[in-house]
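Enquirer: The following file, protein_10.csv, comprises CSV, C-alpha atoms:
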```csv
chain,number,residue,atom,x,y,z
A,1,MET,CA,0.0,0.0,0.0
A,2,LEU,CA,3.0,2.3,0.1
A,3,GLN,CA,4.5,1.2,-3.3
A,4,GLY,CA,5.6,4.2,-5.3
A,5,LYS,CA,4.4,6.8,-2.7
A,6,LYS,CA,6.7,9.8,-2.0
A,7,ILE,CA,6.9,10.4,1.8
A,8,ILE,CA,8.9,12.9,3.8
A,9,VAL,CA,10.3,11.6,7.2
A,10,THR,CA,11.8,14.2,9.6
A,11,GLY,CA,14.2,13.1,12.2
A,12,ALA,CA,15.3,10.4,9.8
A,13,ALA,CA,18.9,10.2,11.0
A,14,SER,CA,18.3,8.2,14.2
A,15,GLY,CA,15.8,6.5,16.5
A,16,ILE,CA,12.1,6.2,15.4
A,17,GLY,CA,12.7,8.4,12.3
A,18,ALA,CA,15.4,6.2,11.0
A,19,ALA,CA,13.4,3.0,11.7
A,20,THR,CA,10.4,4.5,10.0
A,21,ALA,CA,12.3,5.6,6.9
A,22,ALA,CA,13.9,2.2,6.6
A,23,LEU,CA,10.5,0.4,6.9
A,24,LEU,CA,8.8,2.7,4.4
A,25,THR,CA,11.6,2.0,1.9
A,26,ARG,CA,11.2,-1.7,2.4
A,27,GLN,CA,7.5,-1.3,1.7
A,28,GLY,CA,8.2,0.4,-1.6
A,29,ALA,CA,7.9,4.0,-0.7
A,30,GLU,CA,10.2,6.7,-2.1
A,31,VAL,CA,11.5,8.3,1.1
A,32,ILE,CA,12.9,11.9,1.5
A,33,GLY,CA,14.7,12.0,4.8
A,34,VAL,CA,15.1,15.2,6.8
A,35,ASP,CA,17.4,15.8,9.8
A,36,ILE,CA,19.8,18.4,11.2
A,37,GLN,CA,22.4,15.6,11.3
A,38,ARG,CA,23.4,13.9,8.0
A,39,PRO,CA,23.4,10.1,8.6
A,40,ALA,CA,26.4,8.0,7.5
A,41,GLN,CA,24.1,6.0,5.3
A,42,PHE,CA,20.7,6.7,4.0
A,43,THR,CA,18.6,4.9,1.3
A,44,GLY,CA,16.7,7.5,-0.7
A,45,GLN,CA,17.0,11.3,-0.9
A,46,PHE,CA,18.2,13.2,2.1
A,47,VAL,CA,17.8,16.9,2.9
A,48,GLN,CA,19.7,18.5,5.8
A,49,ALA,CA,17.6,21.0,7.6
A,50,ASP,CA,17.3,22.7,11.0
A,51,LEU,CA,13.6,22.6,12.0
A,52,SER,CA,14.1,25.2,14.6
A,53,ARG,CA,14.7,27.9,11.9
A,54,GLN,CA,12.1,29.3,9.5
A,55,ASP,CA,14.7,30.1,6.8
A,56,SER,CA,15.9,26.5,6.9
A,57,ILE,CA,12.4,25.1,6.6
A,58,ASP,CA,11.7,27.5,3.7
A,59,ALA,CA,14.8,26.2,1.9
A,60,LEU,CA,13.7,22.6,2.6
A,61,VAL,CA,10.2,23.1,1.2
A,62,ALA,CA,11.6,24.8,-1.9
A,63,ALA,CA,13.8,21.7,-2.5
A,64,LEU,CA,10.9,19.2,-2.2
A,65,PRO,CA,9.0,17.9,-5.2
A,66,SER,CA,5.3,18.2,-5.7
A,67,GLY,CA,2.9,15.3,-5.5
A,68,LEU,CA,4.0,14.1,-2.1
A,69,HIS,CA,1.9,11.4,-0.6
A,70,GLY,CA,2.9,11.7,3.1
A,71,LEU,CA,4.6,13.6,5.8
A,72,ALA,CA,5.9,11.9,9.0
A,73,ASN,CA,6.7,14.6,11.5
A,74,ILE,CA,9.1,12.6,13.8
A,75,ALA,CA,12.0,15.0,14.5
A,76,GLY,CA,12.0,16.2,18.1
A,77,LEU,CA,14.2,17.4,21.0
A,78,PRO,CA,14.2,15.9,24.5
A,79,PRO,CA,13.4,17.7,27.7
A,80,THR,CA,17.1,18.2,28.6
A,81,ARG,CA,17.3,20.9,26.0
A,82,PRO,CA,16.4,24.6,26.7
A,83,ALA,CA,12.7,25.1,26.7
A,84,PRO,CA,12.5,27.5,23.7
A,85,ALA,CA,14.6,25.1,21.6
A,86,VAL,CA,12.2,22.3,22.5
A,87,LEU,CA,9.1,24.3,21.5
A,88,ARG,CA,10.7,25.6,18.3
A,89,VAL,CA,11.4,22.1,17.0
A,90,ASN,CA,8.7,20.0,18.6
A,91,LEU,CA,5.8,22.4,17.9
A,92,VAL,CA,6.4,25.6,16.1
A,93,GLY,CA,8.8,24.2,13.5
A,94,LEU,CA,6.6,21.1,13.0
A,95,GLN,CA,3.5,23.2,12.5
A,96,TYR,CA,5.2,25.6,10.1
A,97,LEU,CA,6.7,22.8,8.0
A,98,THR,CA,3.3,21.1,7.8
A,99,THR,CA,1.5,24.2,6.6
A,100,GLN,CA,4.2,25.2,4.2
A,101,VAL,CA,4.4,21.7,2.6
A,102,LEU,CA,0.6,21.4,2.1
A,103,PRO,CA,0.6,22.8,-1.4
A,104,LYS,CA,3.1,20.1,-2.4
A,105,LEU,CA,1.0,17.3,-1.0
A,106,ALA,CA,-1.1,15.2,-3.4
A,107,ASP,CA,-4.8,14.8,-2.8
A,108,GLY,CA,-5.3,11.9,-0.4
A,109,ALA,CA,-2.0,12.5,1.3
A,110,SER,CA,-1.5,11.5,5.0
A,111,ILE,CA,0.2,13.6,7.7
A,112,VAL,CA,1.4,11.7,10.8
A,113,ASN,CA,2.7,13.6,13.9
A,114,LEU,CA,4.8,11.8,16.5
A,115,ALA,CA,3.3,12.9,19.8
A,116,SER,CA,3.9,11.1,23.2
A,117,LEU,CA,2.4,9.6,26.2
A,118,ALA,CA,3.7,12.8,27.9
A,119,GLY,CA,0.9,14.7,26.1
A,120,LEU,CA,-2.0,12.7,27.4
A,121,GLY,CA,-3.1,15.5,29.8
A,122,TRP,CA,-3.5,18.0,26.9
A,123,ALA,CA,-7.0,19.0,28.0
A,124,ASP,CA,-5.6,20.5,31.3
A,125,ALA,CA,-3.4,22.8,29.3
A,126,LYS,CA,-6.1,23.9,26.8
A,127,ASP,CA,-5.8,27.6,27.5
A,128,THR,CA,-2.0,27.7,27.1
A,129,ILE,CA,-2.3,25.5,24.0
A,130,LEU,CA,-4.7,27.9,22.4
A,131,ALA,CA,-2.4,30.8,23.3
A,132,SER,CA,0.5,29.0,21.5
A,133,GLN,CA,-1.3,28.6,18.2
A,134,GLY,CA,0.1,30.8,15.5
A,135,LEU,CA,3.3,31.4,17.6
A,136,GLY,CA,6.2,32.7,15.5
A,137,PHE,CA,9.8,31.4,15.9
A,138,ASP,CA,10.9,34.7,17.3
A,139,GLU,CA,8.1,34.7,19.9
A,140,VAL,CA,8.9,31.4,21.5
A,141,GLU,CA,11.2,32.7,24.2
A,142,ALA,CA,8.8,35.3,25.5
A,143,PHE,CA,5.9,32.8,25.4
A,144,CYS,CA,7.9,30.3,27.6
A,145,GLN,CA,8.6,33.1,30.1
A,146,GLN,CA,5.0,34.3,30.1
A,147,HIS,CA,3.6,30.8,30.7
A,148,GLY,CA,6.3,29.4,32.9
A,149,ILE,CA,7.3,26.7,30.4
A,150,GLU,CA,10.7,25.5,31.6
A,151,GLY,CA,12.5,22.2,32.2
A,152,ALA,CA,10.6,19.0,31.5
A,153,ARG,CA,7.4,21.0,31.1
A,154,SER,CA,8.6,22.1,27.7
A,155,TYR,CA,8.5,18.6,26.3
A,156,PHE,CA,5.2,17.7,28.0
A,157,PHE,CA,3.6,20.9,26.7
A,158,SER,CA,4.9,20.5,23.1
A,159,LYS,CA,3.4,17.0,22.9
A,160,ALA,CA,0.1,18.0,24.5
A,161,ALA,CA,-0.2,20.9,22.1
A,162,LEU,CA,0.6,18.6,19.2
A,163,ILE,CA,-2.1,16.2,20.1
A,164,ALA,CA,-4.6,19.0,20.4
A,165,TRP,CA,-3.5,20.4,17.0
A,166,THR,CA,-4.0,17.0,15.5
A,167,LEU,CA,-7.5,16.7,16.9
A,168,GLN,CA,-8.4,20.2,15.7
A,169,ASN,CA,-7.2,19.4,12.1
A,170,ARG,CA,-9.3,16.2,11.8
A,171,TRP,CA,-11.2,17.7,8.8
A,172,THR,CA,-9.2,20.8,7.9
A,173,TRP,CA,-8.1,19.5,4.5
A,174,ARG,CA,-11.0,17.0,4.0
A,175,ALA,CA,-11.9,18.6,0.6
A,176,ARG,CA,-8.6,17.3,-0.7
A,177,GLY,CA,-8.7,14.0,1.2
A,178,ILE,CA,-5.7,15.0,3.3
A,179,ARG,CA,-5.8,13.5,6.8
A,180,MET,CA,-3.8,14.1,9.9
A,181,ASN,CA,-3.3,11.7,12.8
A,182,ALA,CA,-0.8,11.2,15.7
A,183,VAL,CA,1.1,8.4,17.3
A,184,SER,CA,1.9,8.6,21.0
A,185,PRO,CA,4.7,6.3,22.1
A,186,GLY,CA,5.5,5.6,25.7
A,187,PRO,CA,9.2,5.3,26.8
A,188,VAL,CA,11.2,4.1,23.8
A,189,ASP,CA,14.8,2.8,23.8
A,190,THR,CA,16.3,5.5,21.5
A,191,PRO,CA,19.4,7.7,21.9
A,192,ILE,CA,17.3,10.2,23.9
A,193,LEU,CA,15.8,7.7,26.5
A,194,GLN,CA,18.5,8.6,29.0
A,195,ASP,CA,17.5,12.3,28.7
A,196,PHE,CA,14.0,11.4,29.9
A,197,ILE,CA,15.3,9.3,32.8
A,198,GLU,CA,17.6,12.2,33.8
A,199,THR,CA,14.8,14.8,33.6
A,200,LEU,CA,11.9,12.9,35.0
A,201,GLY,CA,13.7,10.9,37.6
A,202,ALA,CA,11.4,8.9,39.9
A,203,ARG,CA,8.5,9.2,37.5
A,204,ALA,CA,10.4,7.7,34.7
A,205,GLU,CA,11.7,4.9,36.9
A,206,GLU,CA,8.1,4.1,38.1
A,207,ASP,CA,6.9,4.0,34.4
A,208,MET,CA,9.7,1.6,33.6
A,209,ARG,CA,8.8,-0.7,36.5
A,210,THR,CA,5.1,-0.7,35.4
A,211,MET,CA,6.0,-1.6,31.8
A,212,ASP,CA,7.3,-5.0,30.9
A,213,ARG,CA,10.0,-3.3,28.7
A,214,PRO,CA,10.6,0.1,27.0
A,215,GLY,CA,9.4,0.3,23.4
A,216,THR,CA,11.8,0.1,20.5
A,217,PRO,CA,11.7,2.1,17.2
A,218,ALA,CA,10.6,-1.1,15.5
A,219,ASP,CA,7.5,-1.1,17.7
A,220,ILE,CA,6.5,2.4,16.6
A,221,ALA,CA,7.5,2.5,12.9
A,222,PRO,CA,4.8,0.1,11.7
A,223,VAL,CA,2.1,2.2,13.3
A,224,VAL,CA,3.4,5.3,11.5
A,225,ALA,CA,3.6,3.3,8.3
A,226,PHE,CA,0.0,2.1,8.6
A,227,LEU,CA,-1.2,5.7,9.1
A,228,LEU,CA,0.6,6.7,6.0
A,229,SER,CA,-0.9,3.9,4.0
A,230,ASP,CA,-4.2,3.9,2.1
A,231,GLY,CA,-5.5,1.3,4.6
A,232,SER,CA,-5.9,4.1,7.2
A,233,GLY,CA,-8.0,6.4,5.0
A,234,TRP,CA,-10.9,6.5,7.4
A,235,ILE,CA,-8.8,7.3,10.4
A,236,ARG,CA,-8.8,11.1,10.9
A,237,GLY,CA,-7.7,13.2,13.8
A,238,ALA,CA,-6.8,10.1,15.9
A,239,ASN,CA,-4.1,9.9,18.5
A,240,ILE,CA,-3.0,6.3,18.7
A,241,PRO,CA,-1.2,5.3,22.0
A,242,THR,CA,1.6,2.9,21.2
A,243,ASP,CA,3.0,2.4,24.6
A,244,GLY,CA,2.7,-1.2,25.8
A,245,GLY,CA,-0.5,-0.4,27.6
A,246,MET,CA,0.7,2.6,29.6
A,247,TYR,CA,-2.1,4.9,28.5
A,248,ALA,CA,-4.7,2.2,29.3
A,249,ASN,CA,-3.0,1.8,32.7
A,250,VAL,CA,-3.2,5.6,33.4
A,251,LEU,CA,-6.9,5.6,32.4
A,252,CYS,CA,-7.7,2.7,34.7
A,253,GLN,CA,-5.9,4.4,37.6
A,254,MET,CA,-7.7,7.7,37.0
A,255,ASN,CA,-11.1,6.0,36.8
A,256,GLY,CA,-10.7,3.4,39.5
A,257,LEU,CA,-10.7,0.4,37.2
```
Can you give me the file's structure in the form of structure tokens?
Expert:
Amino acid sequence: MLQGKKIIVTGAASGIGAATAALLTRQGAEVIGVDIQRPAQFTGQFVQADLSRQDSIDALVAALPSGLHGLANIAGLPPTRPAPAVLRVNLVGLQYLTTQVLPKLADGASIVNLASLAGLGWADAKDTILASQGLGFDEVEAFCQQHGIEGARSYFFSKAALIAWTLQNRWTWRARGIRMNAVSPGPVDTPILQDFIETLGARAEEDMRTMDRPGTPADIAPVVAFLLSDGSGWIRGANIPTDGGMYANVLCQMNGL
């Protein structure tokens, strides 16, 4: 179902992005990888870009062909990075890239955002999320100061806002058949897992004890691939937890089940 499709994968140099790009290629897609770091080896076209900068995204979009069938927004920064940097890449840059690339997407294309279990409480941050919408790159630092977004909260907020944005855009491009969905992994064994353990401390350790194991990029990539395929055409505005049951566990605890 991906044979011959042209798909952009951001964060393609490592972790979930690299695993997704490799899987899509094996399934017959023509992958255009994007990352700030150039991988030693990459099958398909690769474009180096800094998704924290508007000018870099503009150059990336200009280099992309038309008739693209999918966009997998996987690039992201961990909570150990400065809060404005996290928001620029995980939220503002992701949203800007998506809106700028829309004219180059084919009708029926699929957009998949990599969110996180960390964003499950998005409804509690609704007012701040609404205030962030339309945020420019040069406004991020002041926004973080105004709303007290610092430390680990930057990552949690970026993922919560991304889930809300996905839900809001369930039908935005329905006239063209373009759909948007999200995937929310739990802890995944990637190069940034240690960043989460360092930042979240006891909470991360408790999550790891609850789970039978952390996820792997190979657990997440097939879900992204499915959402990019024609088989997911009736799934719109969904956020799919892919976390070994952690989201179900949280819901049960919240509701006394």
Enquirer: Which residue out of A:Met246, A:Ala182, A:Ala75, A:Ala175 has the minimum interatomic distance to Leu87 (chain A) when all atoms listed in the file are used?
Expert: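 The shortest atom-to-atom distance to Leu87 (chain A) comes from A:Ala75.
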Enquirer: Would you pick out the contacts of Ser14 (chain A) at 12 Å or less, using all atoms listed in the file, so that residues sharing its chain but fewer than 5 positions from it are not included, and give the list as JSON, numbers by chain?
Expert: {"A": [9, 19, 20, 21, 22, 33, 34, 35, 36, 37, 38, 39, 40, 41, 42, 74, 75, 76, 189, 190, 191, 192, 217]}
Enquirer: Work out how far apart CA of Ser158 (chain A) and CA of Leu130 (chain A) are and give it in Å to one decimal.
Expert: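 Taking CA of Ser158 (chain A) and CA of Leu130 (chain A), their separation equals 12.1 Å.
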Enquirer: Would you mind reading off the distance between CA of Gly151 (chain A) and CA of Pro82 (chain A), one decimal, in Å?
Expert: 7.2 Å
Enquirer: When you draw a straight line from CA of Ser56 (chain A) to CA of Gly134 (chain A), how long is it in Å?
Expert: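 These two atoms are separated by 18.5 Å.
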Enquirer: Tell me, as an MDAnalysis selection string, which residues lie within 10 Å of Ser132 (chain A), counting only C-alpha atoms; anything in the same chain fewer than 6 positions away does not count.
Expert: chainID A and resid 87 91:92 126 139:140 143:144 147 158 161
